[in-house]
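J.: Below are the structure tokens for one structure; questions will follow.
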Amino acid sequence: MSMRTPYVFATFLVGGTFLSWLLFWATERIFLFAQNPPESLEGFLPIGLFGSFVLSCAYILPAQAFVSVLASLYFSFFKRIPVWFVLLVVIPLCGSIVTYRNISDRDKTLQREDFRTLLYWMLVVTPAELLCARFVATKFAFAPAARAGEQ
């Protein structure tokens, strides 16, 4: 295991959760519309900064913890996190874990609100995951010359 693996875990857990929380707070009207679409957006009461923090801890933090473990395991084996891994594994897993509670309360059917909710959470989670992967790639990944020197 690399000495940088805990930093990768912390980057995805703390950074991903924080960035997702900020995006969730900035797009809370879209969240309320995705959950229960009314005729107009005028009747919504804003969740607020603290309310969005509590909801992001309830929704995003468990998904980020699982994804952080996956990313740190991948980093410990391959010493880097490629974009294809983030796009094909990390983002869909995080989005599906976040929306699991909302979709699992239905009786074996997917409804239109479920797709809206899944797309909304993908909108929130994707930039955070990509920024965390970019940060890991620039700060913690080994250069090819350094990797050759270790072996």
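Simple scheme: letters A, B, ... for chains in structure tokens order, numbers from 1 for residues in each chain, numbers from 1 for ligands in the order shown.
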At a cut-off of 7 Å, using only C-alpha atoms, what residues contact Ser68 (chain A)? Leave out same-chain residues fewer than 3 positions from it and give the result as a PyMOL selection string.
T.: chain A and resi 9+12-13+64-65+71-72
J.: Got time to write the residues from that selection, all heavy atoms, as a CSV table (one decimal), in the first residue's frame?
T.:
chain,number,residue,atom,x,y,z
A,9,PHE,N,-8.0,8.7,-0.1
A,9,PHE,CA,-9.3,8.4,0.5
A,9,PHE,C,-9.9,9.7,1.1
A,9,PHE,O,-11.1,10.0,1.0
A,9,PHE,CB,-9.1,7.4,1.6
A,9,PHE,CG,-10.3,7.1,2.4
A,9,PHE,CD1,-11.3,6.2,1.9
A,9,PHE,CD2,-10.5,7.6,3.7
A,9,PHE,CE1,-12.4,6.0,2.7
A,9,PHE,CE2,-11.6,7.4,4.4
A,9,PHE,CZ,-12.6,6.6,3.9
A,12,PHE,N,-11.2,12.1,-1.6
A,12,PHE,CA,-12.5,11.7,-2.2
A,12,PHE,C,-13.6,11.9,-1.1
A,12,PHE,O,-14.8,12.3,-1.4
A,12,PHE,CB,-12.5,10.3,-2.7
A,12,PHE,CG,-12.1,10.3,-4.2
A,12,PHE,CD1,-10.8,10.1,-4.5
A,12,PHE,CD2,-13.0,10.4,-5.2
A,12,PHE,CE1,-10.4,10.1,-5.8
A,12,PHE,CE2,-12.6,10.4,-6.5
A,12,PHE,CZ,-11.3,10.2,-6.8
A,13,LEU,N,-13.4,11.5,0.1
A,13,LEU,CA,-14.4,11.6,1.1
A,13,LEU,C,-14.7,13.0,1.5
A,13,LEU,O,-15.9,13.4,1.4
A,13,LEU,CB,-14.0,10.8,2.4
A,13,LEU,CG,-15.0,10.7,3.5
A,13,LEU,CD1,-16.2,9.9,3.0
A,13,LEU,CD2,-14.5,10.1,4.7
A,64,GLN,N,-20.3,8.6,-0.8
A,64,GLN,CA,-18.9,9.1,-0.9
A,64,GLN,C,-17.9,8.2,-0.1
A,64,GLN,O,-16.8,8.0,-0.5
A,64,GLN,CB,-18.7,10.5,-0.4
A,64,GLN,CG,-19.1,11.6,-1.4
A,64,GLN,CD,-18.3,11.5,-2.6
A,64,GLN,OE1,-18.9,11.5,-3.7
A,64,GLN,NE2,-17.0,11.5,-2.6
A,65,ALA,N,-18.4,7.7,1.0
A,65,ALA,CA,-17.5,6.8,1.8
A,65,ALA,C,-17.2,5.5,1.0
A,65,ALA,O,-16.1,5.0,0.9
A,65,ALA,CB,-18.2,6.4,3.1
A,71,ALA,N,-11.9,4.1,-4.8
A,71,ALA,CA,-10.9,4.9,-5.4
A,71,ALA,C,-9.5,4.7,-4.7
A,71,ALA,O,-8.5,4.6,-5.4
A,71,ALA,CB,-11.3,6.4,-5.3
A,72,SER,N,-9.5,4.6,-3.4
A,72,SER,CA,-8.2,4.4,-2.7
A,72,SER,C,-7.7,3.0,-3.0
A,72,SER,O,-6.5,2.8,-3.1
A,72,SER,CB,-8.4,4.7,-1.2
A,72,SER,OG,-9.3,3.8,-0.6
J.: Just want the 12 Å neighbourhood of Leu19 (chain A), counted on only C-alpha atoms, with same-chain residues fewer than 5 positions away dropped. Output as a list in words.
T.: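 The residues that qualify are Thr11, Phe12, Leu13, Val14, Phe24, Trp25, Ala26, Phe53, Ser56, Ile60, Leu61, Gln64, Leu123, Val124, Val125, Thr126, Pro127, Ala128, Glu129, Leu130, Leu131 and Cys132 of chain A.
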J.: Just write the chosen residues, N, CA and C atoms, as a PDB file, in the first residue's frame.
T.:
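selection-v6.pdb written:
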ATOM      1  N   THR A  11      -9.253  12.753   0.278  1.00  0.00           N
ATOM      2  CA  THR A  11      -9.610  13.692  -0.778  1.00  0.00           C
ATOM      3  C   THR A  11     -10.982  13.371  -1.343  1.00  0.00           C
ATOM      4  N   PHE A  12     -11.241  12.097  -1.620  1.00  0.00           N
ATOM      5  CA  PHE A  12     -12.540  11.737  -2.164  1.00  0.00           C
ATOM      6  C   PHE A  12     -13.641  11.862  -1.119  1.00  0.00           C
ATOM      7  N   LEU A  13     -13.353  11.503   0.124  1.00  0.00           N
ATOM      8  CA  LEU A  13     -14.392  11.573   1.149  1.00  0.00           C
ATOM      9  C   LEU A  13     -14.719  13.013   1.525  1.00  0.00           C
ATOM     10  N   VAL A  14     -13.730  13.766   1.914  1.00  0.00           N
ATOM     11  CA  VAL A  14     -13.975  15.137   2.371  1.00  0.00           C
ATOM     12  C   VAL A  14     -14.231  16.074   1.199  1.00  0.00           C
ATOM     13  N   PHE A  24     -25.231  20.871  -4.221  1.00  0.00           N
ATOM     14  CA  PHE A  24     -26.581  20.589  -3.754  1.00  0.00           C
ATOM     15  C   PHE A  24     -27.234  21.846  -3.213  1.00  0.00           C
ATOM     16  N   TRP A  25     -26.495  22.622  -2.464  1.00  0.00           N
ATOM     17  CA  TRP A  25     -27.021  23.871  -1.910  1.00  0.00           C
ATOM     18  C   TRP A  25     -27.335  24.868  -3.018  1.00  0.00           C
ATOM     19  N   ALA A  26     -26.479  24.928  -4.032  1.00  0.00           N
ATOM     20  CA  ALA A  26     -26.693  25.874  -5.123  1.00  0.00           C
ATOM     21  C   ALA A  26     -27.869  25.476  -6.020  1.00  0.00           C
ATOM     22  N   PHE A  53     -26.862  20.883   4.228  1.00  0.00           N
ATOM     23  CA  PHE A  53     -25.752  20.157   4.841  1.00  0.00           C
ATOM     24  C   PHE A  53     -26.239  18.855   5.473  1.00  0.00           C
ATOM     25  N   SER A  56     -27.205  16.458   2.712  1.00  0.00           N
ATOM     26  CA  SER A  56     -26.032  15.920   2.017  1.00  0.00           C
ATOM     27  C   SER A  56     -25.292  14.918   2.894  1.00  0.00           C
ATOM     28  N   ILE A  60     -25.353  11.980   0.610  1.00  0.00           N
ATOM     29  CA  ILE A  60     -24.092  11.942  -0.126  1.00  0.00           C
ATOM     30  C   ILE A  60     -22.977  11.252   0.657  1.00  0.00           C
ATOM     31  N   LEU A  61     -22.904  11.464   1.954  1.00  0.00           N
ATOM     32  CA  LEU A  61     -21.784  10.941   2.731  1.00  0.00           C
ATOM     33  C   LEU A  61     -21.645   9.416   2.675  1.00  0.00           C
ATOM     34  N   GLN A  64     -20.266   8.640  -0.773  1.00  0.00           N
ATOM     35  CA  GLN A  64     -18.883   9.093  -0.895  1.00  0.00           C
ATOM     36  C   GLN A  64     -17.939   8.189  -0.116  1.00  0.00           C
ATOM     37  N   LEU A 123     -25.983  15.030 -11.623  1.00  0.00           N
ATOM     38  CA  LEU A 123     -25.555  16.415 -11.850  1.00  0.00           C
ATOM     39  C   LEU A 123     -24.770  16.947 -10.655  1.00  0.00           C
ATOM     40  N   VAL A 124     -25.168  16.578  -9.464  1.00  0.00           N
ATOM     41  CA  VAL A 124     -24.499  17.058  -8.259  1.00  0.00           C
ATOM     42  C   VAL A 124     -23.178  16.329  -8.021  1.00  0.00           C
ATOM     43  N   VAL A 125     -23.155  15.038  -8.234  1.00  0.00           N
ATOM     44  CA  VAL A 125     -21.998  14.218  -7.871  1.00  0.00           C
ATOM     45  C   VAL A 125     -20.874  14.294  -8.910  1.00  0.00           C
ATOM     46  N   THR A 126     -21.207  14.399 -10.180  1.00  0.00           N
ATOM     47  CA  THR A 126     -20.206  14.319 -11.247  1.00  0.00           C
ATOM     48  C   THR A 126     -19.111  15.374 -11.145  1.00  0.00           C
ATOM     49  N   PRO A 127     -19.421  16.665 -11.012  1.00  0.00           N
ATOM     50  CA  PRO A 127     -18.318  17.632 -10.917  1.00  0.00           C
ATOM     51  C   PRO A 127     -17.423  17.414  -9.702  1.00  0.00           C
ATOM     52  N   ALA A 128     -18.009  17.009  -8.589  1.00  0.00           N
ATOM     53  CA  ALA A 128     -17.207  16.768  -7.388  1.00  0.00           C
ATOM     54  C   ALA A 128     -16.246  15.606  -7.590  1.00  0.00           C
ATOM     55  N   GLU A 129     -16.722  14.533  -8.180  1.00  0.00           N
ATOM     56  CA  GLU A 129     -15.854  13.367  -8.417  1.00  0.00           C
ATOM     57  C   GLU A 129     -14.751  13.693  -9.417  1.00  0.00           C
ATOM     58  N   LEU A 130     -15.092  14.415 -10.462  1.00  0.00           N
ATOM     59  CA  LEU A 130     -14.080  14.765 -11.462  1.00  0.00           C
ATOM     60  C   LEU A 130     -13.023  15.704 -10.889  1.00  0.00           C
ATOM     61  N   LEU A 131     -13.442  16.649 -10.055  1.00  0.00           N
ATOM     62  CA  LEU A 131     -12.465  17.539  -9.428  1.00  0.00           C
ATOM     63  C   LEU A 131     -11.575  16.801  -8.438  1.00  0.00           C
ATOM     64  N   CYS A 132     -12.136  15.875  -7.704  1.00  0.00           N
ATOM     65  CA  CYS A 132     -11.318  15.076  -6.784  1.00  0.00           C
ATOM     66  C   CYS A 132     -10.320  14.213  -7.550  1.00  0.00           C
TER      67      CYS A 132
END
J.: Mind giving me the straight-line distance from CA of Arg4 (chain A) to CA of Pro82 (chain A) in Å, one decimal?
T.: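 These two atoms are separated by 16.1 Å.
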J.: Write out as an MDAnalysis selection string the residues lying within 12 Å of Val8 (chain A), counting only C-alpha atoms and excluding same-chain residues fewer than 2 positions away.
T.: chainID A and resid 1:6 10:16 65 67:76 79:81 129 132:141
J.: Go ahead and write the selection's residues with N, CA and C atoms as a short mmCIF file (atom, residue, chain, number, x, y, z; two decimals), in the first residue's frame.
T.:
data_model
loop_
_atom_site.label_atom_id
_atom_site.label_comp_id
_atom_site.auth_asym_id
_atom_site.auth_seq_id
_atom_site.Cartn_x
_atom_site.Cartn_y
_atom_site.Cartn_z
N MET A 1 0.85 -1.17 0.00
CA MET A 1 0.00 0.00 0.00
C MET A 1 0.89 1.23 0.00
N SER A 2 0.52 2.18 -0.79
CA SER A 2 1.26 3.42 -0.91
C SER A 2 0.99 4.31 0.30
N MET A 3 1.93 5.15 0.62
CA MET A 3 1.74 6.09 1.72
C MET A 3 0.76 7.20 1.34
N ARG A 4 0.47 7.33 0.05
CA ARG A 4 -0.44 8.37 -0.41
C ARG A 4 -1.89 7.91 -0.45
N THR A 5 -2.14 6.64 -0.24
CA THR A 5 -3.49 6.10 -0.33
C THR A 5 -4.44 6.73 0.69
N PRO A 6 -4.05 6.94 1.95
CA PRO A 6 -4.98 7.62 2.88
C PRO A 6 -5.33 9.04 2.44
N ALA A 10 -9.06 10.44 1.82
CA ALA A 10 -9.54 11.69 2.44
C ALA A 10 -9.96 12.70 1.40
N THR A 11 -9.25 12.75 0.28
CA THR A 11 -9.61 13.69 -0.78
C THR A 11 -10.98 13.37 -1.34
N PHE A 12 -11.24 12.10 -1.62
CA PHE A 12 -12.54 11.74 -2.16
C PHE A 12 -13.64 11.86 -1.12
N LEU A 13 -13.35 11.50 0.12
CA LEU A 13 -14.39 11.57 1.15
C LEU A 13 -14.72 13.01 1.52
N VAL A 14 -13.73 13.77 1.91
CA VAL A 14 -13.98 15.14 2.37
C VAL A 14 -14.23 16.07 1.20
N GLY A 15 -13.35 16.03 0.21
CA GLY A 15 -13.50 16.92 -0.93
C GLY A 15 -14.75 16.63 -1.74
N GLY A 16 -15.02 15.35 -1.99
CA GLY A 16 -16.21 15.00 -2.76
C GLY A 16 -17.49 15.35 -2.03
N ALA A 65 -18.38 7.67 1.01
CA ALA A 65 -17.52 6.75 1.77
C ALA A 65 -17.23 5.49 0.97
N VAL A 67 -17.43 5.10 -2.34
CA VAL A 67 -16.65 5.45 -3.52
C VAL A 67 -15.21 5.80 -3.14
N SER A 68 -15.02 6.39 -1.98
CA SER A 68 -13.66 6.71 -1.52
C SER A 68 -12.85 5.45 -1.27
N VAL A 69 -13.49 4.44 -0.71
CA VAL A 69 -12.81 3.16 -0.51
C VAL A 69 -12.42 2.55 -1.85
N LEU A 70 -13.33 2.57 -2.82
CA LEU A 70 -13.01 2.04 -4.15
C LEU A 70 -11.87 2.80 -4.82
N ALA A 71 -11.93 4.12 -4.75
CA ALA A 71 -10.88 4.93 -5.38
C ALA A 71 -9.53 4.72 -4.70
N SER A 72 -9.52 4.62 -3.39
CA SER A 72 -8.25 4.41 -2.71
C SER A 72 -7.70 3.01 -2.95
N LEU A 73 -8.58 2.01 -3.07
CA LEU A 73 -8.10 0.67 -3.43
C LEU A 73 -7.51 0.64 -4.83
N TYR A 74 -8.19 1.29 -5.77
CA TYR A 74 -7.67 1.35 -7.13
C TYR A 74 -6.32 2.08 -7.14
N PHE A 75 -6.23 3.17 -6.39
CA PHE A 75 -4.98 3.93 -6.33
C PHE A 75 -3.87 3.12 -5.68
N SER A 76 -4.19 2.33 -4.67
CA SER A 76 -3.14 1.56 -4.01
C SER A 76 -2.57 0.48 -4.91
N LYS A 79 -1.50 3.09 -8.57
CA LYS A 79 -0.82 4.36 -8.31
C LYS A 79 -1.35 5.53 -9.13
N ARG A 80 -2.55 5.40 -9.63
CA ARG A 80 -3.20 6.49 -10.34
C ARG A 80 -4.70 6.18 -10.40
N ILE A 81 -5.48 7.20 -10.74
CA ILE A 81 -6.92 7.03 -10.93
C ILE A 81 -7.25 7.60 -12.31
N GLU A 129 -16.72 14.53 -8.18
CA GLU A 129 -15.85 13.37 -8.42
C GLU A 129 -14.75 13.69 -9.42
N CYS A 132 -12.14 15.87 -7.70
CA CYS A 132 -11.32 15.08 -6.78
C CYS A 132 -10.32 14.21 -7.55
N ALA A 133 -10.76 13.61 -8.64
CA ALA A 133 -9.84 12.79 -9.44
C ALA A 133 -8.76 13.65 -10.06
N ARG A 134 -9.10 14.85 -10.48
CA ARG A 134 -8.09 15.77 -11.03
C ARG A 134 -7.08 16.17 -9.95
N PHE A 135 -7.56 16.43 -8.76
CA PHE A 135 -6.66 16.79 -7.66
C PHE A 135 -5.73 15.63 -7.32
N VAL A 136 -6.25 14.42 -7.29
CA VAL A 136 -5.43 13.24 -7.01
C VAL A 136 -4.40 13.05 -8.11
N ALA A 137 -4.80 13.27 -9.36
CA ALA A 137 -3.88 13.09 -10.48
C ALA A 137 -2.75 14.10 -10.44
N THR A 138 -3.01 15.31 -10.00
CA THR A 138 -1.96 16.32 -9.99
C THR A 138 -1.11 16.28 -8.72
N LYS A 139 -1.67 15.85 -7.59
CA LYS A 139 -0.93 15.92 -6.33
C LYS A 139 -0.34 14.59 -5.86
N PHE A 140 -1.06 13.49 -6.05
CA PHE A 140 -0.65 12.25 -5.42
C PHE A 140 -0.16 11.17 -6.37
N ALA A 141 -0.44 11.27 -7.64
CA ALA A 141 -0.03 10.22 -8.57
C ALA A 141 1.47 10.28 -8.80
#
J.: Would you work out the distance separating CA of Thr17 (chain A) from CA of Val86 (chain A), expressed in Å to one decimal?
T.: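 Separation between CA of Thr17 (chain A) and CA of Val86 (chain A): 15.4 Å.
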J.: Interatomic distance between CA of Arg116 (chain A) and CA of Ala34 (chain A)?
T.: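 These two atoms are separated by 5.3 Å.
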